[in-house]
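File shown: target24.txt (compact mmCIF, C-alpha atoms and all ligand atoms).
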# COMPACT_ATOMS: atom_id res chain seq x y z
CA GLY A 140 77.73 105.55 101.45
CA LEU A 141 75.11 106.67 103.94
CA PRO A 142 72.30 104.59 105.48
CA PRO A 143 68.74 105.10 104.14
CA ARG A 144 67.29 105.28 107.65
CA VAL A 145 68.51 106.31 111.10
CA ARG A 146 66.96 105.44 114.46
CA ILE A 147 67.13 108.40 116.80
CA HIS A 148 67.49 107.49 120.48
CA GLU A 149 65.99 110.57 122.13
CA VAL A 150 67.62 111.37 125.49
CA GLY A 151 66.24 114.84 126.31
CA ALA A 152 63.96 113.72 129.10
CA ARG A 153 66.84 111.89 130.81
CA ASP A 154 70.27 113.25 129.82
CA GLY A 155 68.77 116.69 129.23
CA LEU A 156 66.64 117.09 132.31
CA GLN A 157 69.17 115.43 134.65
CA ASN A 158 71.45 118.39 133.98
CA GLU A 159 68.90 121.16 134.35
CA LYS A 160 69.31 123.20 137.50
CA ALA A 161 65.57 123.46 137.99
CA THR A 162 63.67 120.25 138.68
CA VAL A 163 60.87 120.00 136.14
CA PRO A 164 57.43 119.01 137.52
CA THR A 165 56.47 115.40 136.78
CA GLY A 166 53.40 116.39 134.76
CA ILE A 167 55.54 118.55 132.45
CA LYS A 168 57.98 115.68 131.96
CA ALA A 169 55.10 113.35 131.03
CA GLU A 170 53.71 115.91 128.58
CA PHE A 171 57.20 116.39 127.11
CA ILE A 172 57.58 112.65 126.52
CA ARG A 173 54.06 112.39 125.02
CA ARG A 174 54.87 115.22 122.62
CA LEU A 175 58.22 113.67 121.63
CA ALA A 176 56.43 110.42 120.78
CA ALA A 177 53.74 112.32 118.86
CA ALA A 178 56.50 114.02 116.84
CA GLY A 179 57.53 110.58 115.59
CA LEU A 180 60.38 109.63 117.91
CA THR A 181 60.20 105.87 118.52
CA THR A 182 62.81 105.61 121.29
CA VAL A 183 62.42 108.10 124.11
CA GLU A 184 64.67 107.53 127.11
CA ALA A 185 62.37 108.41 129.97
CA THR A 186 64.21 108.62 133.30
CA SER A 187 66.70 106.91 135.60
CA PHE A 188 66.22 104.56 138.52
CA VAL A 189 69.34 105.79 140.28
CA HIS A 190 69.87 106.99 143.83
CA PRO A 191 67.66 110.08 144.28
CA LYS A 192 70.47 111.89 146.13
CA TRP A 193 72.80 111.44 143.16
CA VAL A 194 70.32 112.80 140.59
CA PRO A 195 67.53 114.68 142.37
CA GLN A 196 66.16 115.94 139.04
CA LEU A 197 64.97 112.40 138.25
CA ALA A 198 63.87 111.39 141.74
CA ASP A 199 60.23 111.21 140.56
CA ALA A 200 60.79 108.14 138.33
CA GLU A 201 58.16 106.09 140.22
CA GLU A 202 55.59 108.81 139.72
CA LEU A 203 56.51 109.55 136.11
CA PHE A 204 56.77 106.10 134.58
CA PRO A 205 53.12 105.04 135.06
CA GLN A 206 52.03 108.33 133.47
CA ILE A 207 53.83 107.50 130.21
CA SER A 208 53.99 103.71 130.00
CA GLY A 209 50.73 103.53 128.06
CA ILE A 210 51.90 105.72 125.18
CA GLU A 211 51.73 103.65 122.00
CA GLY A 212 54.40 103.21 119.36
CA VAL A 213 57.34 104.24 121.52
CA ASP A 214 60.03 102.40 123.46
CA LEU A 215 60.79 104.01 126.83
CA PRO A 216 64.22 102.87 128.04
CA VAL A 217 65.32 103.82 131.55
CA LEU A 218 68.75 103.96 133.19
CA VAL A 219 69.49 101.38 135.84
CA PRO A 220 72.86 101.19 137.65
CA ASN A 221 72.33 98.22 139.96
CA GLU A 222 69.88 95.55 141.12
CA ARG A 223 68.02 98.00 143.34
CA GLY A 224 67.39 100.13 140.24
CA LEU A 225 66.40 97.07 138.23
CA ASP A 226 63.84 96.03 140.85
CA ARG A 227 62.32 99.50 140.72
CA ALA A 228 62.20 99.52 136.90
CA LEU A 229 60.84 96.00 136.50
CA GLY A 230 58.26 96.67 139.20
CA LEU A 231 56.80 99.37 136.98
CA GLY A 232 56.89 97.25 133.84
CA ALA A 233 59.91 98.77 132.07
CA ARG A 234 60.81 96.74 128.96
CA ARG A 235 64.11 98.41 128.10
CA ILE A 236 66.92 99.37 130.42
CA ALA A 237 70.39 100.82 130.08
CA VAL A 238 73.39 100.26 132.29
CA PHE A 239 76.10 102.91 132.13
CA GLY A 240 79.79 102.20 132.44
CA SER A 241 82.87 104.34 132.02
CA ALA A 242 86.01 103.90 129.96
CA THR A 243 87.97 105.76 132.64
CA GLU A 244 88.55 105.03 136.33
CA THR A 245 88.04 108.61 137.50
CA PHE A 246 84.59 108.97 135.97
CA ALA A 247 83.57 105.49 137.14
CA GLN A 248 84.33 106.63 140.70
CA LYS A 249 82.58 109.97 140.33
CA ASN A 250 79.48 108.60 138.59
CA LEU A 251 79.03 105.19 140.21
CA ASN A 252 81.24 105.26 143.31
CA ARG A 253 83.00 102.19 141.90
CA SER A 254 86.10 101.27 139.89
CA VAL A 255 85.56 100.18 136.29
CA ALA A 256 85.85 96.52 137.32
CA GLU A 257 83.54 97.00 140.30
CA SER A 258 80.94 98.70 138.12
CA LEU A 259 81.05 95.86 135.60
CA ALA A 260 80.55 93.44 138.50
CA MET A 261 77.59 95.55 139.63
CA PHE A 262 76.06 95.40 136.12
CA GLU A 263 76.53 91.66 135.69
CA PRO A 264 73.44 90.47 137.63
CA VAL A 265 71.45 93.45 136.30
CA VAL A 266 72.02 92.45 132.68
CA ALA A 267 71.53 88.74 133.40
CA ARG A 268 68.23 89.27 135.20
CA ALA A 269 66.99 91.75 132.60
CA LYS A 270 67.74 89.32 129.76
CA GLU A 271 65.98 86.55 131.67
CA ALA A 272 62.92 88.80 131.89
CA GLY A 273 63.09 89.48 128.12
CA VAL A 274 64.10 93.09 128.71
CA HIS A 275 66.29 94.84 126.12
CA VAL A 276 69.60 96.13 127.51
CA ARG A 277 71.65 99.04 126.24
CA GLY A 278 75.17 99.51 127.53
CA TYR A 279 76.36 103.08 127.69
CA LEU A 280 80.07 103.72 127.75
CA SER A 281 81.10 107.19 128.92
CA MET A 282 84.36 109.07 128.29
CA CYS A 283 85.11 107.23 125.04
CA PHE A 284 87.17 110.10 123.65
CA GLY A 285 88.33 112.34 126.46
CA ASP A 286 87.92 112.66 130.20
CA PRO A 287 88.05 115.98 132.11
CA TRP A 288 90.40 114.52 134.74
CA GLU A 289 92.42 112.02 132.72
CA GLY A 290 92.67 113.79 129.35
CA ALA A 291 92.66 111.86 126.08
CA VAL A 292 91.42 108.30 126.46
CA PRO A 293 93.39 105.65 124.51
CA VAL A 294 91.33 103.75 121.93
CA PRO A 295 92.42 100.27 123.18
CA GLN A 296 91.19 101.16 126.69
CA VAL A 297 87.77 102.08 125.26
CA VAL A 298 87.61 98.93 123.13
CA ARG A 299 88.43 96.75 126.16
CA THR A 300 85.61 98.21 128.26
CA ALA A 301 83.17 98.20 125.35
CA LYS A 302 83.80 94.50 124.83
CA ALA A 303 83.40 93.83 128.54
CA LEU A 304 79.97 95.50 128.47
CA LEU A 305 78.90 93.48 125.43
CA ASP A 306 80.24 90.30 127.03
CA LEU A 307 77.82 90.87 129.93
CA GLY A 308 75.02 90.44 127.37
CA CYS A 309 74.13 94.00 126.42
CA ASP A 310 72.13 94.10 123.17
CA GLU A 311 73.61 97.40 122.07
CA LEU A 312 76.41 99.74 122.95
CA SER A 313 76.26 103.54 123.02
CA LEU A 314 79.62 105.27 122.70
CA GLY A 315 79.50 108.41 124.82
CA ASP A 316 81.50 111.55 124.17
CA THR A 317 80.46 112.80 127.58
CA ILE A 318 82.36 116.09 127.38
CA GLY A 319 82.08 116.67 123.65
CA VAL A 320 85.78 116.66 122.76
CA ALA A 321 85.68 114.09 119.93
CA THR A 322 86.48 114.96 116.33
CA PRO A 323 85.48 112.95 113.22
CA GLY A 324 88.81 111.17 112.64
CA HIS A 325 88.85 109.97 116.24
CA VAL A 326 85.28 108.67 115.86
CA GLN A 327 86.17 106.66 112.78
CA ALA A 328 89.34 105.33 114.41
CA LEU A 329 87.37 104.07 117.41
CA LEU A 330 84.69 102.47 115.22
CA SER A 331 87.35 100.73 113.11
CA ALA A 332 89.15 99.50 116.22
CA LEU A 333 85.87 98.06 117.55
CA ASN A 334 85.21 96.32 114.23
CA GLU A 335 88.73 94.85 114.31
CA GLU A 336 87.89 93.33 117.69
CA SER A 337 84.73 91.83 116.13
CA VAL A 338 82.20 94.33 117.46
CA PRO A 339 79.77 94.76 114.55
CA THR A 340 78.75 98.32 113.63
CA GLY A 341 75.09 97.25 113.86
CA THR A 342 75.34 96.98 117.66
CA ILE A 343 76.87 100.45 118.05
CA GLY A 344 75.09 103.74 118.69
CA VAL A 345 76.78 107.11 119.07
CA HIS A 346 76.15 109.64 121.84
CA PHE A 347 77.70 113.03 121.21
CA HIS A 348 77.66 116.11 123.38
CA ASP A 349 78.12 119.40 121.54
CA THR A 350 80.61 121.23 123.80
CA TYR A 351 83.02 122.06 120.98
CA GLY A 352 80.42 122.19 118.20
CA GLN A 353 81.57 118.85 116.78
CA ALA A 354 78.52 116.69 117.47
CA LEU A 355 77.01 116.88 114.00
CA SER A 356 80.34 116.36 112.20
CA ASN A 357 81.05 113.40 114.44
CA THR A 358 77.61 112.00 113.68
CA LEU A 359 78.19 112.28 109.94
CA ALA A 360 81.51 110.47 110.33
CA ALA A 361 79.74 107.67 112.23
CA LEU A 362 77.00 107.42 109.57
CA GLN A 363 79.67 107.14 106.87
CA HIS A 364 81.08 104.25 108.86
CA GLY A 365 77.68 102.52 108.84
CA VAL A 366 76.24 103.50 112.23
CA THR A 367 72.42 103.81 112.17
CA THR A 368 71.58 104.57 115.82
CA VAL A 369 72.17 108.15 116.94
CA ASP A 370 71.45 109.62 120.37
CA ALA A 371 70.18 113.19 120.50
CA SER A 372 68.40 115.52 122.89
CA ALA A 373 65.38 117.62 121.90
CA GLY A 374 66.29 121.28 121.85
CA GLY A 375 69.89 120.43 122.80
CA LEU A 376 68.70 120.22 126.39
CA GLY A 377 71.06 119.72 129.24
CA GLY A 378 74.29 121.03 130.58
CA CYS A 379 75.25 124.21 132.32
CA PRO A 380 76.79 126.97 130.20
CA TYR A 381 79.37 127.58 132.96
CA ALA A 382 80.65 124.03 133.27
CA LYS A 383 83.05 123.25 130.48
CA SER A 384 82.43 119.54 130.71
CA ALA A 385 78.65 119.56 130.84
CA THR A 386 77.23 121.01 127.64
CA GLY A 387 74.06 119.51 126.21
CA ASN A 388 73.80 116.66 123.77
CA LEU A 389 73.55 117.02 120.04
CA ALA A 390 70.17 118.70 119.48
CA THR A 391 67.63 116.37 117.88
CA GLU A 392 66.39 119.20 115.64
CA ASP A 393 69.92 119.89 114.33
CA LEU A 394 70.29 116.17 113.63
CA VAL A 395 66.91 115.90 111.87
CA TRP A 396 67.68 118.99 109.77
CA MET A 397 70.87 117.32 108.51
CA LEU A 398 69.26 113.91 107.96
CA ASP A 399 66.25 115.43 106.15
CA GLY A 400 68.67 117.26 103.87
CA LEU A 401 70.54 114.05 103.16
CA GLY A 402 67.27 112.23 102.38
CA ILE A 403 67.79 109.88 105.35
CA GLU A 404 64.53 108.77 106.94
CA THR A 405 63.88 109.23 110.65
CA GLY A 406 60.09 109.32 110.89
CA VAL A 407 60.36 112.58 112.84
CA ASP A 408 58.17 115.60 112.10
CA LEU A 409 60.61 118.49 112.51
CA ALA A 410 57.93 121.15 112.95
CA ALA A 411 56.20 119.20 115.72
CA LEU A 412 59.51 118.49 117.42
CA THR A 413 60.58 122.15 117.26
CA ALA A 414 57.25 123.26 118.71
CA THR A 415 57.82 120.80 121.57
CA SER A 416 61.28 122.22 122.32
CA VAL A 417 59.99 125.80 122.17
CA TRP A 418 57.23 124.83 124.61
CA LEU A 419 59.70 123.11 126.98
CA ALA A 420 62.09 126.08 126.81
CA GLU A 421 59.22 128.27 127.99
CA GLN A 422 58.70 125.93 130.94
CA LEU A 423 62.42 126.10 131.76
CA GLY A 424 62.52 129.85 131.31
CA ARG A 425 65.46 129.89 128.92
CA PRO A 426 65.76 129.57 125.13
CA SER A 427 66.85 126.35 123.47
CA PRO A 428 70.54 126.33 122.48
CA SER A 429 69.69 124.43 119.27
CA ARG A 430 70.50 126.45 116.14
CA THR A 431 67.71 124.73 114.22
CA VAL A 432 65.13 125.39 116.93
CA ARG A 433 66.12 129.07 116.98
CA ALA A 434 65.99 129.34 113.18
CA LEU A 435 62.63 127.60 112.82
CA ALA A 436 61.00 129.19 115.86
CA HIS A 437 61.30 132.62 114.26
CA LYS A 438 59.96 131.66 110.84
P1 LIG B 1 76.40 104.18 146.41
O1 LIG B 1 76.34 105.33 147.34
O2 LIG B 1 77.70 103.48 146.23
O3 LIG B 1 75.23 103.17 146.74
O4 LIG B 1 75.94 104.71 144.98
P2 LIG B 1 75.24 101.84 147.60
O5 LIG B 1 75.19 100.69 146.65
O6 LIG B 1 76.37 101.89 148.59
O7 LIG B 1 73.86 101.98 148.38
C1 LIG B 1 73.65 103.02 149.32
C2 LIG B 1 72.19 103.25 149.55
O8 LIG B 1 71.59 103.70 148.34
C3 LIG B 1 71.41 102.02 149.97
O9 LIG B 1 70.39 102.46 150.87
C4 LIG B 1 70.74 101.58 148.71
O10 LIG B 1 69.52 100.88 148.88
C5 LIG B 1 70.46 102.90 148.02
P3 LIG B 1 70.52 102.18 152.44
O11 LIG B 1 70.61 100.70 152.53
O12 LIG B 1 71.79 102.87 152.82
O13 LIG B 1 69.29 102.81 152.97
N1 LIG B 1 70.42 102.70 146.55
C6 LIG B 1 69.42 103.06 145.75
N2 LIG B 1 68.24 103.67 145.97
C7 LIG B 1 67.43 103.85 144.92
N3 LIG B 1 67.75 103.48 143.66
C8 LIG B 1 68.91 102.87 143.40
C9 LIG B 1 69.78 102.64 144.48
N4 LIG B 1 71.00 102.08 144.54
C10 LIG B 1 71.38 102.11 145.82
N5 LIG B 1 69.19 102.47 142.16
C11 LIG B 1 74.93 104.32 142.85
C12 LIG B 1 75.95 103.86 143.84
C13 LIG B 1 75.18 103.56 141.56
C14 LIG B 1 73.56 103.98 143.40
C15 LIG B 1 75.06 105.84 142.65
O14 LIG B 1 76.38 106.13 142.32
C16 LIG B 1 74.16 106.38 141.58
O15 LIG B 1 72.95 106.39 141.71
N6 LIG B 1 74.74 106.89 140.46
C17 LIG B 1 73.96 107.40 139.34
C18 LIG B 1 74.70 108.50 138.65
C19 LIG B 1 73.95 108.95 137.41
O16 LIG B 1 72.76 108.72 137.25
N7 LIG B 1 74.65 109.64 136.49
C20 LIG B 1 74.07 110.13 135.28
C21 LIG B 1 73.81 109.08 134.25
S1 LIG B 1 75.28 108.63 133.33
C22 LIG B 1 75.36 109.80 132.05
O17 LIG B 1 74.68 110.78 132.08
C23 LIG B 1 76.27 109.51 130.87
C24 LIG B 1 75.49 109.13 129.60
O18 LIG B 1 74.61 110.16 129.19
C25 LIG B 1 76.48 108.82 128.46
C26 LIG B 1 77.54 109.94 128.28
O19 LIG B 1 77.17 111.10 127.95
O20 LIG B 1 78.71 109.61 128.50
C27 LIG B 1 74.65 107.87 129.84
MG MG B 2 75.23 111.89 127.99

Do you think you could lay out the structure here as structure tokens?
Ligand code: HMG
Ligand code: MG
Amino acid sequence: GLPPRVRIHEVGARDGLQNEKATVPTGIKAEFIRRLAAAGLTTVEATSFVHPKWVPQLADAEELFPQISGIEGVDLPVLVPNERGLDRALGLGARRIAVFGSATETFAQKNLNRSVAESLAMFEPVVARAKEAGVHVRGYLSMCFGDPWEGAVPVPQVVRTAKALLDLGCDELSLGDTIGVATPGHVQALLSALNEESVPTGTIGVHFHDTYGQALSNTLAALQHGVTTVDASAGGLGGCPYAKSATGNLATEDLVWMLDGLGIETGVDLAALTATSVWLAEQLGRPSPSRTVRALAHK
């Protein structure tokens, strides 16, 4: 069966905007996040406290966070790779953070300049100190299905790293299909393997990119397995159309269209969300790749 309700973890302002060529002005980002919250999204990932040279698009985190932290009724998680990032986030009053590990060695090196083991060691004090401060911690795991350098990623390798992240004390896990190569059978196989190693489905969220057009099918497969937390990006933001490994996330509008049709509650007002993505697309100077945004924008 399918769950009656799904929590959407909106990542457009972070995963989306981190991949945009143009750096969006801070005021536009704040307005974007306000509008996402007003459309009914209750979890809006806001930015990253990473090294500004690694992700210049999000280098304004200090300026942005105070502009949005007063918005009511919304959780605003932020990405934090290390203690320096945690200090920055806690200093601004962040109440939810996410660390981000990799199931593969190559991506761990490229994304964090560390091996998988070294990155887990880097996260350990971050998670411990966050928990001590009563801060909620999400653990992202990238390259759970395929890796552009290493190819297919074996399920046991993913399960091992997922468990290591949870063992650090993460409250939830988000399984990332960073390059969008997953298919529904693979998704269900990974979820079953995690359950067999005593990771309960309730702690698992899914994070699909739509490179091969599989994000929605993969989501449905995860829902059928009992998953109730789904990551999505307003307007399908993010990614470069020329980089085969960097297409945007599942579009939140496409997800809400499917969930509305299935009678699954999200609390999201699809018209308000679509209007937000149309507005942001105007700011970016290019149309949203979301099929649902395109269909509804011309009604
Ligand atoms: P490093 O170069 O190894 O850093 O980078 P370091 O620890 O050697 O420190 C070097 C200098 O950077 C030091 O300054 C630090 O203070 C400074 P110095 O002493 O030389 O003057 N520094 C920082 N400054 C500000 N904020 C910080 C910070 N940390 C160190 N937090 C590091 C290591 C982790 C910092 C770097 O690799 C990094 O920032 N990586 C972030 C990459 C990233 O954000 N990627 C995108 C998010 S992941 C993703 O998108 C996948 C996901 O969507 C799921 C999926 O789809 O799979 C989540
Ligand atoms: Mg992502």

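Distances here use all atoms listed in the file; by that measure, the residue among A:Val183, A:Ala176, A:Cys309, A:Leu389 closest to ligand MG 2 (chain B) is A:Leu389.
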
Surroundings of ligand LIG 1 (chain B) up to 6 Å, based on all atoms listed in the file, as a ChimeraX atom specification: /A:154,188-190,193-194,220-221,223-224,239,250-252,279,281-282,315-317

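Comparing A:Leu398, A:Leu362, A:Leu314, A:Val298 by their smallest distance to ligand MG 2 (chain B), the closest is A:Leu314 (using only C-alpha atoms and all ligand atoms).
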
When distances are computed from all atoms listed in the file, which of A:Thr431, A:Ser313, A:Ser416, A:Thr322 shows the smallest separation from ligand MG 2 (chain B)?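 For ligand MG 2 (chain B), the nearest of the candidates is A:Ser313.
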
Among listed residues A:Ala269, A:Leu259, A:Ala161, A:Val150, nearest ligand MG 2 (chain B) (using all atoms listed in the file): A:Val150

List every protein, DNA or RNA residue that has an atom no more than 12 Å from (72.3, 91.2, 133.2) in the file's coordinate frame, counting all atoms listed in the file, and report them as a compact mmCIF listing (two decimals) with C-alpha atoms, in the coordinates of the input.
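Generated output (result.txt):
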# COMPACT_ATOMS: atom_id res chain seq x y z
CA VAL A 219 69.49 101.38 135.84
CA PRO A 220 72.86 101.19 137.65
CA ASN A 221 72.33 98.22 139.96
CA GLU A 222 69.88 95.55 141.12
CA LEU A 225 66.40 97.07 138.23
CA ILE A 236 66.92 99.37 130.42
CA ALA A 237 70.39 100.82 130.08
CA VAL A 238 73.39 100.26 132.29
CA LEU A 259 81.05 95.86 135.60
CA ALA A 260 80.55 93.44 138.50
CA MET A 261 77.59 95.55 139.63
CA PHE A 262 76.06 95.40 136.12
CA GLU A 263 76.53 91.66 135.69
CA PRO A 264 73.44 90.47 137.63
CA VAL A 265 71.45 93.45 136.30
CA VAL A 266 72.02 92.45 132.68
CA ALA A 267 71.53 88.74 133.40
CA ARG A 268 68.23 89.27 135.20
CA ALA A 269 66.99 91.75 132.60
CA LYS A 270 67.74 89.32 129.76
CA GLU A 271 65.98 86.55 131.67
CA ALA A 272 62.92 88.80 131.89
CA GLY A 273 63.09 89.48 128.12
CA VAL A 274 64.10 93.09 128.71
CA HIS A 275 66.29 94.84 126.12
CA VAL A 276 69.60 96.13 127.51
CA ARG A 277 71.65 99.04 126.24
CA GLY A 278 75.17 99.51 127.53
CA LEU A 304 79.97 95.50 128.47
CA LEU A 305 78.90 93.48 125.43
CA ASP A 306 80.24 90.30 127.03
CA LEU A 307 77.82 90.87 129.93
CA GLY A 308 75.02 90.44 127.37
CA CYS A 309 74.13 94.00 126.42
CA ASP A 310 72.13 94.10 123.17

Measuring between all atoms listed in the file, which one of A:Asp286, A:Asp214, A:Glu201, A:Glu257 shows the shortest distance to Leu229 in chain A? A:Glu201

Pick from A:Asn158, A:Thr367, A:Val432, A:Pro195 nearest to Glu404 in chain A, counting only C-alpha atoms: A:Thr367

Taking all atoms of range 275-284 of chain A that appear in the file, build a box with edges along x, y and z, extend it by 5 Å on every side, and state its centre and edge lengths in Å to one decimal, as JSON.
{"center_x": 76.7, "center_y": 102.5, "center_z": 126.3, "size_x": 30.9, "size_y": 25.3, "size_z": 15.3}
